[in-house]
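Below is input.cif, holding mmCIF, C-alpha atoms.
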data_target
#
loop_
_atom_site.label_atom_id
_atom_site.label_comp_id
_atom_site.auth_asym_id
_atom_site.auth_seq_id
_atom_site.Cartn_x
_atom_site.Cartn_y
_atom_site.Cartn_z
CA MET A 7 -74.96 -44.45 -3.80
CA ASN A 8 -76.50 -47.90 -4.34
CA GLU A 9 -79.66 -46.85 -2.51
CA GLU A 10 -79.92 -43.71 -4.65
CA LEU A 11 -79.49 -45.77 -7.83
CA ILE A 12 -82.18 -48.23 -6.75
CA CYS A 13 -84.48 -45.32 -5.91
CA ILE A 14 -84.02 -43.76 -9.35
CA ILE A 15 -84.49 -47.07 -11.20
CA ALA A 16 -87.67 -47.76 -9.24
CA GLY A 17 -88.93 -44.24 -9.93
CA ILE A 18 -88.52 -44.42 -13.70
CA LEU A 19 -90.09 -47.90 -13.88
CA ILE A 20 -93.24 -47.00 -11.91
CA PRO A 21 -95.03 -45.31 -14.86
CA PHE A 22 -94.17 -48.24 -17.14
CA ALA A 23 -95.63 -50.62 -14.54
CA GLY A 24 -98.88 -48.65 -14.76
CA THR A 25 -99.05 -49.12 -18.54
CA THR A 26 -98.30 -52.83 -18.20
CA LEU A 27 -100.98 -53.26 -15.55
CA GLY A 28 -103.53 -51.52 -17.74
CA ALA A 29 -102.61 -53.63 -20.77
CA ALA A 30 -103.03 -56.76 -18.62
CA CYS A 31 -106.76 -55.97 -18.33
CA VAL A 32 -107.13 -57.83 -21.63
CA PHE A 33 -106.68 -61.11 -19.71
CA PHE A 34 -109.56 -60.35 -17.33
CA VAL A 35 -112.02 -58.22 -19.32
CA LYS A 36 -113.78 -59.80 -22.28
CA ARG A 37 -115.30 -56.74 -23.91
CA ALA A 38 -113.93 -53.44 -25.16
CA ILE A 39 -114.26 -50.41 -22.90
CA LYS A 40 -117.67 -48.75 -23.12
CA PRO A 41 -117.59 -45.27 -24.72
CA GLY A 42 -118.69 -43.56 -21.50
CA VAL A 43 -116.01 -45.30 -19.45
CA GLN A 44 -113.38 -44.51 -22.08
CA LYS A 45 -114.30 -40.82 -21.95
CA ALA A 46 -114.05 -40.83 -18.16
CA LEU A 47 -110.61 -42.47 -18.35
CA LEU A 48 -109.39 -40.00 -20.97
CA GLY A 49 -110.61 -37.14 -18.79
CA PHE A 50 -108.90 -38.69 -15.78
CA ALA A 51 -105.59 -38.92 -17.66
CA SER A 52 -105.99 -35.28 -18.71
CA GLY A 53 -106.55 -34.14 -15.14
CA VAL A 54 -103.48 -35.98 -13.86
CA MET A 55 -101.27 -34.55 -16.61
CA VAL A 56 -102.46 -30.96 -16.12
CA ALA A 57 -101.97 -31.11 -12.35
CA ALA A 58 -98.55 -32.73 -12.78
CA SER A 59 -97.55 -30.05 -15.26
CA VAL A 60 -98.43 -27.29 -12.79
CA TRP A 61 -97.34 -28.64 -9.39
CA SER A 62 -94.50 -30.98 -10.34
CA LEU A 63 -92.97 -29.07 -13.26
CA LEU A 64 -93.93 -25.42 -13.77
CA ILE A 65 -93.98 -24.31 -10.12
CA PRO A 66 -90.56 -25.93 -9.38
CA ALA A 67 -89.19 -24.35 -12.58
CA MET A 68 -90.20 -20.89 -11.34
CA GLU A 69 -88.91 -21.59 -7.84
CA MET A 70 -85.51 -22.47 -9.32
CA SER A 71 -85.49 -19.15 -11.15
CA GLU A 72 -86.24 -16.89 -8.16
CA HIS A 73 -82.81 -15.28 -8.55
CA LEU A 74 -84.18 -13.63 -11.73
CA GLY A 75 -86.60 -11.58 -9.63
CA ARG A 76 -89.61 -10.44 -11.61
CA LEU A 77 -88.40 -12.45 -14.60
CA ALA A 78 -88.59 -15.73 -12.67
CA PHE A 79 -91.38 -16.78 -15.01
CA LEU A 80 -89.15 -16.52 -18.10
CA PRO A 81 -87.49 -19.99 -18.07
CA ALA A 82 -90.88 -21.61 -17.43
CA ALA A 83 -92.52 -19.67 -20.27
CA VAL A 84 -89.71 -20.35 -22.73
CA GLY A 85 -89.49 -24.05 -21.84
CA LEU A 86 -93.26 -24.46 -22.11
CA VAL A 87 -93.37 -22.93 -25.60
CA VAL A 88 -90.48 -25.09 -26.81
CA GLY A 89 -92.12 -28.21 -25.33
CA VAL A 90 -95.37 -27.50 -27.17
CA GLY A 91 -93.44 -26.88 -30.38
CA PHE A 92 -91.50 -30.13 -29.99
CA LEU A 93 -94.66 -32.24 -29.60
CA LEU A 94 -96.30 -30.37 -32.47
CA LEU A 95 -93.35 -31.36 -34.66
CA LEU A 96 -93.56 -35.01 -33.57
CA ASP A 97 -97.31 -34.96 -34.20
CA LYS A 98 -96.68 -33.84 -37.79
CA ILE A 99 -93.83 -36.28 -38.46
CA ILE A 100 -94.65 -39.56 -36.67
CA PRO A 101 -97.39 -41.60 -38.38
CA HIS A 102 -100.10 -42.48 -35.87
CA LEU A 103 -103.80 -43.26 -35.62
CA HIS A 104 -106.10 -42.27 -32.78
CA MET A 105 -108.65 -44.69 -31.38
CA GLY A 106 -112.02 -44.28 -33.09
CA SER A 107 -110.49 -42.53 -36.10
CA ASP A 108 -109.95 -43.91 -39.60
CA LYS A 109 -107.68 -41.09 -40.79
CA PRO A 110 -103.99 -41.48 -39.90
CA GLU A 111 -101.95 -38.42 -38.92
CA GLY A 112 -98.31 -37.61 -39.54
CA MET A 113 -96.23 -38.72 -42.51
CA LYS A 114 -97.66 -41.24 -44.96
CA THR A 115 -96.63 -44.80 -44.21
CA ARG A 116 -97.48 -48.44 -44.91
CA LEU A 117 -97.59 -49.33 -41.22
CA THR A 118 -100.51 -51.44 -40.05
CA ARG A 119 -103.45 -49.94 -38.18
CA THR A 120 -102.32 -51.67 -34.99
CA ALA A 121 -98.81 -50.21 -35.25
CA MET A 122 -100.19 -46.70 -35.75
CA LEU A 123 -102.56 -47.06 -32.79
CA VAL A 124 -99.60 -48.00 -30.60
CA LEU A 125 -97.57 -45.08 -31.98
CA ALA A 126 -100.40 -42.70 -31.02
CA VAL A 127 -100.17 -43.71 -27.36
CA THR A 128 -96.38 -43.85 -27.55
CA LEU A 129 -96.44 -40.22 -28.68
CA HIS A 130 -98.44 -39.41 -25.52
CA ASN A 131 -95.85 -41.16 -23.37
CA VAL A 132 -92.81 -39.26 -24.67
CA PRO A 133 -93.35 -36.15 -22.48
CA GLU A 134 -94.31 -38.25 -19.47
CA GLY A 135 -91.01 -40.15 -19.60
CA MET A 136 -89.14 -36.88 -20.00
CA ALA A 137 -90.98 -35.35 -17.04
CA VAL A 138 -90.03 -38.22 -14.72
CA GLY A 139 -86.46 -38.24 -16.01
CA VAL A 140 -85.83 -34.54 -15.58
CA VAL A 141 -87.19 -34.56 -12.01
CA PHE A 142 -84.98 -37.48 -10.99
CA ALA A 143 -82.06 -35.82 -12.78
CA GLY A 144 -82.62 -32.81 -10.53
CA ILE A 145 -82.44 -35.05 -7.46
CA LEU A 146 -79.29 -36.71 -8.75
CA MET A 147 -77.62 -33.30 -9.12
CA GLY A 148 -78.73 -32.13 -5.67
CA GLU A 149 -81.31 -29.55 -6.73
CA PRO A 150 -82.95 -28.44 -3.43
CA THR A 151 -86.32 -27.51 -4.93
CA VAL A 152 -86.89 -31.09 -6.14
CA SER A 153 -87.57 -33.72 -3.47
CA VAL A 154 -87.49 -37.52 -3.69
CA ALA A 155 -91.06 -37.67 -2.38
CA GLY A 156 -92.18 -35.15 -4.99
CA ALA A 157 -90.49 -37.11 -7.76
CA PHE A 158 -92.21 -40.31 -6.65
CA ALA A 159 -95.52 -38.45 -6.45
CA LEU A 160 -95.10 -37.50 -10.11
CA ALA A 161 -94.12 -41.07 -11.07
CA ILE A 162 -97.08 -42.56 -9.17
CA GLY A 163 -99.50 -40.02 -10.64
CA ILE A 164 -98.36 -40.79 -14.18
CA ALA A 165 -98.53 -44.53 -13.44
CA ILE A 166 -102.15 -44.17 -12.28
CA GLN A 167 -103.17 -42.43 -15.49
CA ASN A 168 -101.14 -44.95 -17.54
CA ILE A 169 -103.38 -47.78 -16.34
CA PRO A 170 -106.36 -46.67 -18.44
CA GLU A 171 -104.02 -45.80 -21.33
CA GLY A 172 -102.71 -49.37 -21.41
CA ALA A 173 -106.27 -50.71 -21.30
CA ILE A 174 -107.45 -48.32 -24.00
CA ILE A 175 -104.85 -49.87 -26.33
CA SER A 176 -105.10 -53.59 -25.46
CA LEU A 177 -108.88 -54.03 -25.10
CA PRO A 178 -109.91 -52.54 -28.48
CA LEU A 179 -107.17 -54.54 -30.22
CA ARG A 180 -108.58 -57.70 -28.62
CA SER A 181 -112.11 -56.79 -29.72
CA GLN A 182 -110.79 -56.34 -33.29
CA GLY A 183 -109.55 -59.93 -33.37
CA ASP A 184 -106.03 -59.81 -31.91
CA THR A 185 -105.03 -62.56 -29.49
CA ARG A 186 -104.88 -61.62 -25.81
CA GLY A 187 -101.10 -62.06 -25.80
CA HIS A 188 -100.56 -59.80 -28.81
CA ALA A 189 -102.97 -57.15 -27.52
CA PHE A 190 -101.17 -57.18 -24.16
CA LEU A 191 -97.79 -56.90 -25.89
CA MET A 192 -98.90 -53.92 -27.98
CA GLY A 193 -100.34 -52.15 -24.93
CA THR A 194 -97.14 -52.77 -22.98
CA LEU A 195 -94.85 -51.67 -25.81
CA SER A 196 -96.67 -48.33 -26.00
CA GLY A 197 -95.19 -47.48 -22.60
CA VAL A 198 -91.59 -48.58 -23.24
CA VAL A 199 -90.64 -45.08 -24.37
CA GLU A 200 -91.24 -43.71 -20.86
CA PRO A 201 -88.39 -45.46 -18.97
CA MET A 202 -86.16 -45.07 -22.04
CA GLY A 203 -86.79 -41.31 -22.19
CA ALA A 204 -86.38 -40.96 -18.45
CA LEU A 205 -83.10 -42.89 -18.45
CA LEU A 206 -81.71 -40.83 -21.32
CA THR A 207 -82.54 -37.60 -19.48
CA ILE A 208 -80.86 -38.86 -16.30
CA LEU A 209 -77.74 -39.93 -18.21
CA LEU A 210 -77.51 -36.37 -19.53
CA ALA A 211 -78.01 -34.97 -16.02
CA ARG A 212 -74.78 -32.98 -15.92
CA ILE A 213 -75.73 -31.23 -19.15
CA VAL A 214 -79.36 -30.79 -18.12
CA THR A 215 -78.71 -29.28 -14.67
CA PRO A 216 -77.79 -25.73 -15.81
CA ILE A 217 -81.02 -25.56 -17.80
CA LEU A 218 -83.16 -27.64 -15.44
CA PRO A 219 -85.93 -24.99 -15.10
CA TYR A 220 -86.25 -24.91 -18.89
CA MET A 221 -86.34 -28.71 -19.06
CA LEU A 222 -89.04 -28.98 -16.40
CA ALA A 223 -91.18 -26.47 -18.30
CA PHE A 224 -90.35 -28.21 -21.59
CA ALA A 225 -91.82 -31.45 -20.24
CA ALA A 226 -94.86 -29.54 -18.95
CA GLY A 227 -95.44 -27.95 -22.35
CA ALA A 228 -95.18 -31.31 -24.10
CA MET A 229 -97.68 -32.87 -21.68
CA LEU A 230 -100.11 -29.97 -22.02
CA PHE A 231 -99.95 -30.26 -25.80
CA VAL A 232 -101.09 -33.88 -25.59
CA VAL A 233 -103.91 -32.94 -23.22
CA VAL A 234 -105.27 -30.00 -25.21
CA GLU A 235 -104.65 -31.42 -28.69
CA GLU A 236 -105.92 -34.95 -28.18
CA LEU A 237 -107.12 -36.17 -24.77
CA ILE A 238 -109.65 -33.45 -23.95
CA PRO A 239 -111.19 -33.34 -27.47
CA GLU A 240 -111.53 -37.14 -27.46
CA SER A 241 -113.16 -37.11 -24.02
CA ALA A 242 -115.55 -34.27 -24.92
CA GLU A 243 -116.86 -35.22 -28.35
CA GLY A 244 -120.22 -36.93 -28.76
CA GLU A 245 -122.36 -38.21 -25.90
CA HIS A 246 -121.33 -38.57 -22.25
CA SER A 247 -118.92 -35.63 -22.40
CA ASP A 248 -119.81 -34.88 -18.78
CA LEU A 249 -118.07 -38.14 -17.81
CA GLY A 250 -114.88 -36.80 -19.33
CA THR A 251 -115.24 -33.63 -17.28
CA LEU A 252 -115.82 -35.60 -14.09
CA GLY A 253 -112.85 -37.81 -14.88
CA PHE A 254 -110.68 -34.73 -15.39
CA THR A 255 -111.74 -33.36 -12.01
CA VAL A 256 -110.96 -36.61 -10.19
CA GLY A 257 -107.59 -36.99 -11.92
CA PHE A 258 -106.62 -33.39 -11.21
CA ILE A 259 -107.52 -33.65 -7.52
CA ILE A 260 -105.68 -36.98 -7.05
CA MET A 261 -102.48 -35.68 -8.66
CA MET A 262 -102.70 -32.40 -6.75
CA CYS A 263 -103.11 -34.24 -3.44
CA LEU A 264 -100.26 -36.63 -4.24
CA ASP A 265 -97.86 -33.81 -5.06
CA VAL A 266 -98.75 -31.65 -2.07
CA ALA A 267 -98.90 -34.54 0.42
CA LEU A 268 -95.71 -36.26 -0.75
CA GLY A 269 -93.81 -33.25 -2.05
#
What is this structure when it is put down as structure tokens?
Amino acid sequence: MNEELICIIAGILIPFAGTTLGAACVFFVKRAIKPGVQKALLGFASGVMVAASVWSLLIPAMEMSEHLGRLAFLPAAVGLVVGVGFLLLLDKIIPHLHMGSDKPEGMKTRLTRTAMLVLAVTLHNVPEGMAVGVVFAGILMGEPTVSVAGAFALAIGIAIQNIPEGAIISLPLRSQGDTRGHAFLMGTLSGVVEPMGALLTILLARIVTPILPYMLAFAAGAMLFVVVEELIPESAEGEHSDLGTLGFTVGFIIMMCLDVALG
């Protein structure tokens, strides 16, 4: 039992470690990320999230529902729609500001620009934390279609794409005049929601298990909303959009290989 607990704790902390590592770039890199590099990183994150949604979440959700016969797709479809709707609601409610934009989204607030930039990335991290949590919850409850290796593949894949996300927060804040320590702290804090969300999902494992296929698809829908609504448009607008496309391809392939090789 102790080994299983250590395994789960390590799994839910891996994505957060990726964000922290990315935010730490502010101590080694003096300048903000070049626009072309930022587009490639956004595309990379998009590719990882799309591949993770398909191989780590939607396919297992349908495999768990094989007893429904031709309707095996139903839990995945329902969960995906609800996940998209949930993130759409958060997008409308939570005040946040995207990098490179001067117009805040969500409810009106007096929060600082820095706080809203962090909230924007935090909003991205909500579904990622849920995705890791629901997969490890499946392992905890003995779900045969979810493997420990597959769960770690998902956690590692999300951690890899969290590295550029942490850097995309900390480096611009530094270039705007923040101290290195404060920029690092803000970048790190943007990823705190991931282990918190994962832990909450695991603690509710006994409730989640009967609807696990729906929860897996819910996390996939939430992740896909972030990709289609924000990451891909940001990586494709203006010049160097081809770098975003190349980044997407690399991210997708890496996550696909991780899931198939380790799953």
* To do: Place a sphere of radius 12 Å on (-117.6, -31.4, -17.3) in the file coordinates and name every protein, DNA or RNA residue with an atom inside or on its surface, counting all atoms listed in the file; give the answer as a PyMOL selection string.
  => chain A and resi 45-46+49-50+53+238+241-243+245-256
* Interatomic distance between CA of Ile20 (chain A) and CA of Val43 (chain A)? ->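 Going from CA of Ile20 (chain A) over to CA of Val43 (chain A) covers 24.0 Å.
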* Report the residues retrieved by the PyMOL selection byres ((chain A and resi 83) around 10) from the displayed file, expressed as a list of chain:residue names. => A:Leu64, A:Ala67, A:Met68, A:Ala78, A:Phe79, A:Leu80, A:Pro81, A:Ala82, A:Val84, A:Gly85, A:Leu86, A:Val87, A:Val88, A:Gly89, A:Pro219, A:Tyr220, A:Ala223, A:Phe224, A:Gly227
Write the residues of the preceding selection, restricted to C-alpha atoms, as a PDB file, in the frame of the given file.
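Final output, part34.pdb:
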ATOM      1  CA  LEU A  64     -93.930 -25.420 -13.770  1.00  0.00           C
ATOM      2  CA  ALA A  67     -89.190 -24.350 -12.580  1.00  0.00           C
ATOM      3  CA  MET A  68     -90.200 -20.890 -11.340  1.00  0.00           C
ATOM      4  CA  ALA A  78     -88.590 -15.730 -12.670  1.00  0.00           C
ATOM      5  CA  PHE A  79     -91.380 -16.780 -15.010  1.00  0.00           C
ATOM      6  CA  LEU A  80     -89.150 -16.520 -18.100  1.00  0.00           C
ATOM      7  CA  PRO A  81     -87.490 -19.990 -18.070  1.00  0.00           C
ATOM      8  CA  ALA A  82     -90.880 -21.610 -17.430  1.00  0.00           C
ATOM      9  CA  VAL A  84     -89.710 -20.350 -22.730  1.00  0.00           C
ATOM     10  CA  GLY A  85     -89.490 -24.050 -21.840  1.00  0.00           C
ATOM     11  CA  LEU A  86     -93.260 -24.460 -22.110  1.00  0.00           C
ATOM     12  CA  VAL A  87     -93.370 -22.930 -25.600  1.00  0.00           C
ATOM     13  CA  VAL A  88     -90.480 -25.090 -26.810  1.00  0.00           C
ATOM     14  CA  GLY A  89     -92.120 -28.210 -25.330  1.00  0.00           C
ATOM     15  CA  PRO A 219     -85.930 -24.990 -15.100  1.00  0.00           C
ATOM     16  CA  TYR A 220     -86.250 -24.910 -18.890  1.00  0.00           C
ATOM     17  CA  ALA A 223     -91.180 -26.470 -18.300  1.00  0.00           C
ATOM     18  CA  PHE A 224     -90.350 -28.210 -21.590  1.00  0.00           C
ATOM     19  CA  GLY A 227     -95.440 -27.950 -22.350  1.00  0.00           C
TER      20      GLY A 227
END
Sorted per-residue table, region 9-86 of chain A near region 156-174 of chain A, closest atoms and distance, 12 Å, all atoms listed in the file, as CSV:
residue,atom,partner,partner_atom,distance
A:Cys13,CA,A:Phe158,CA,9.2
A:Ile14,CA,A:Phe158,CA,9.3
A:Ile15,CA,A:Phe158,CA,11.2
A:Ala16,CA,A:Phe158,CA,9.1
A:Gly17,CA,A:Phe158,CA,6.1
A:Ile18,CA,A:Ala161,CA,7.0
A:Leu19,CA,A:Ala161,CA,8.4
A:Ile20,CA,A:Ala165,CA,6.0
A:Pro21,CA,A:Ala165,CA,3.9
A:Phe22,CA,A:Ala165,CA,6.8
A:Ala23,CA,A:Ala165,CA,6.8
A:Gly24,CA,A:Ala165,CA,4.3
A:Thr25,CA,A:Gly172,CA,4.7
A:Thr26,CA,A:Gly172,CA,6.5
A:Leu27,CA,A:Ile169,CA,6.0
A:Gly28,CA,A:Ile169,CA,4.0
A:Ala29,CA,A:Gly172,CA,4.3
A:Ala30,CA,A:Ala173,CA,7.4
A:Cys31,CA,A:Ala173,CA,6.1
A:Val32,CA,A:Ala173,CA,7.2
A:Phe33,CA,A:Ala173,CA,10.5
A:Phe34,CA,A:Ala173,CA,10.9
A:Val35,CA,A:Ala173,CA,9.7
A:Lys36,CA,A:Ala173,CA,11.8
A:Arg37,CA,A:Ala173,CA,11.2
A:Ala38,CA,A:Ile174,CA,8.3
A:Ile39,CA,A:Ile174,CA,7.2
A:Lys40,CA,A:Ile174,CA,10.3
A:Pro41,CA,A:Ile174,CA,10.6
A:Val43,CA,A:Pro170,CA,9.8
A:Gln44,CA,A:Ile174,CA,7.3
A:Lys45,CA,A:Ile174,CA,10.4
A:Ala46,CA,A:Pro170,CA,9.7
A:Leu47,CA,A:Pro170,CA,6.0
A:Leu48,CA,A:Pro170,CA,7.8
A:Gly49,CA,A:Gln167,CA,9.7
A:Phe50,CA,A:Gln167,CA,6.8
A:Ala51,CA,A:Gln167,CA,4.8
A:Ser52,CA,A:Gln167,CA,8.3
A:Gly53,CA,A:Gln167,CA,9.0
A:Val54,CA,A:Gly163,CA,6.5
A:Met55,CA,A:Ile164,CA,7.3
A:Val56,CA,A:Ile164,CA,10.8
A:Ala57,CA,A:Gly163,CA,9.4
A:Ala58,CA,A:Leu160,CA,6.5
A:Ser59,CA,A:Leu160,CA,9.4
A:Val60,CA,A:Leu160,CA,11.1
A:Trp61,CA,A:Leu160,CA,9.2
A:Ser62,CA,A:Leu160,CA,6.6
A:Leu63,CA,A:Leu160,CA,9.2
A:Pro66,CA,A:Gly156,CA,10.3
* **Nearest residue to Leu218 (chain A) from the set A:Arg186, A:Leu237, A:Leu129, A:Thr151 (distances using all atoms listed in the file)** =>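 The shortest atom-to-atom distance to Leu218 (chain A) comes from A:Thr151.
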* Asked: Can you list, as number ranges by chain, the residues that the PyMOL selection byres ((chain A and resi 202-211) around 12) selects here?
  -> A: 11, 14-22, 128-129, 131-149, 161, 195-201, 212-218, 221-222, 225
* Which distance in Å separates CA of Met229 (chain A) and CA of Ala126 (chain A), to one decimal? -> 13.8 Å
Just write region 83-93 of chain A with all heavy atoms, as a JSON list (two decimals), in the first residue's frame, taken from the block above.
[["chain", "number", "residue", "atom", "x", "y", "z"],
["A", 83, "ALA", "N", -18.67, 10.55, -25.51],
["A", 83, "ALA", "CA", -19.28, 11.72, -26.16],
["A", 83, "ALA", "C", -19.92, 12.65, -25.13],
["A", 83, "ALA", "O", -19.73, 13.88, -25.18],
["A", 83, "ALA", "CB", -20.33, 11.26, -27.18],
["A", 84, "VAL", "N", -20.65, 12.07, -24.19],
["A", 84, "VAL", "CA", -21.31, 12.88, -23.16],
["A", 84, "VAL", "C", -20.28, 13.59, -22.28],
["A", 84, "VAL", "O", -20.37, 14.80, -22.02],
["A", 84, "VAL", "CB", -22.24, 12.00, -22.29],
["A", 84, "VAL", "CG1", -22.76, 12.80, -21.09],
["A", 84, "VAL", "CG2", -23.41, 11.47, -23.12],
["A", 85, "GLY", "N", -19.27, 12.83, -21.83],
["A", 85, "GLY", "CA", -18.25, 13.42, -20.97],
["A", 85, "GLY", "C", -17.49, 14.53, -21.68],
["A", 85, "GLY", "O", -17.19, 15.56, -21.08],
["A", 86, "LEU", "N", -17.20, 14.34, -22.97],
["A", 86, "LEU", "CA", -16.46, 15.34, -23.73],
["A", 86, "LEU", "C", -17.26, 16.65, -23.82],
["A", 86, "LEU", "O", -16.72, 17.74, -23.61],
["A", 86, "LEU", "CB", -16.15, 14.81, -25.13],
["A", 86, "LEU", "CG", -15.16, 15.65, -25.95],
["A", 86, "LEU", "CD1", -14.29, 14.75, -26.81],
["A", 86, "LEU", "CD2", -15.91, 16.63, -26.86],
["A", 87, "VAL", "N", -18.55, 16.53, -24.11],
["A", 87, "VAL", "CA", -19.40, 17.72, -24.22],
["A", 87, "VAL", "C", -19.47, 18.46, -22.89],
["A", 87, "VAL", "O", -19.37, 19.70, -22.84],
["A", 87, "VAL", "CB", -20.82, 17.33, -24.70],
["A", 87, "VAL", "CG1", -21.77, 18.52, -24.58],
["A", 87, "VAL", "CG2", -20.78, 16.84, -26.14],
["A", 88, "VAL", "N", -19.64, 17.72, -21.81],
["A", 88, "VAL", "CA", -19.72, 18.35, -20.48],
["A", 88, "VAL", "C", -18.39, 19.01, -20.12],
["A", 88, "VAL", "O", -18.36, 20.09, -19.53],
["A", 88, "VAL", "CB", -20.12, 17.31, -19.41],
["A", 88, "VAL", "CG1", -20.12, 17.94, -18.03],
["A", 88, "VAL", "CG2", -21.51, 16.74, -19.71],
["A", 89, "GLY", "N", -17.27, 18.37, -20.47],
["A", 89, "GLY", "CA", -15.96, 18.95, -20.20],
["A", 89, "GLY", "C", -15.75, 20.26, -20.94],
["A", 89, "GLY", "O", -15.23, 21.23, -20.37],
["A", 90, "VAL", "N", -16.15, 20.30, -22.20],
["A", 90, "VAL", "CA", -16.05, 21.55, -22.97],
["A", 90, "VAL", "C", -16.93, 22.62, -22.34],
["A", 90, "VAL", "O", -16.51, 23.78, -22.18],
["A", 90, "VAL", "CB", -16.48, 21.31, -24.44],
["A", 90, "VAL", "CG1", -16.64, 22.64, -25.17],
["A", 90, "VAL", "CG2", -15.45, 20.44, -25.16],
["A", 91, "GLY", "N", -18.16, 22.24, -21.95],
["A", 91, "GLY", "CA", -19.06, 23.20, -21.33],
["A", 91, "GLY", "C", -18.53, 23.74, -20.02],
["A", 91, "GLY", "O", -18.66, 24.94, -19.72],
["A", 92, "PHE", "N", -17.88, 22.87, -19.24],
["A", 92, "PHE", "CA", -17.32, 23.29, -17.95],
["A", 92, "PHE", "C", -16.22, 24.32, -18.14],
["A", 92, "PHE", "O", -16.18, 25.35, -17.45],
["A", 92, "PHE", "CB", -16.78, 22.06, -17.21],
["A", 92, "PHE", "CG", -16.10, 22.38, -15.90],
["A", 92, "PHE", "CD1", -16.84, 22.79, -14.81],
["A", 92, "PHE", "CD2", -14.72, 22.24, -15.77],
["A", 92, "PHE", "CE1", -16.21, 23.09, -13.60],
["A", 92, "PHE", "CE2", -14.10, 22.54, -14.57],
["A", 92, "PHE", "CZ", -14.84, 22.96, -13.47],
["A", 93, "LEU", "N", -15.30, 24.08, -19.06],
["A", 93, "LEU", "CA", -14.22, 25.04, -19.32],
["A", 93, "LEU", "C", -14.74, 26.32, -19.94],
["A", 93, "LEU", "O", -14.23, 27.42, -19.69],
["A", 93, "LEU", "CB", -13.15, 24.41, -20.21],
["A", 93, "LEU", "CG", -11.86, 24.00, -19.49],
["A", 93, "LEU", "CD1", -11.07, 25.22, -19.03],
["A", 93, "LEU", "CD2", -12.18, 23.12, -18.29]]
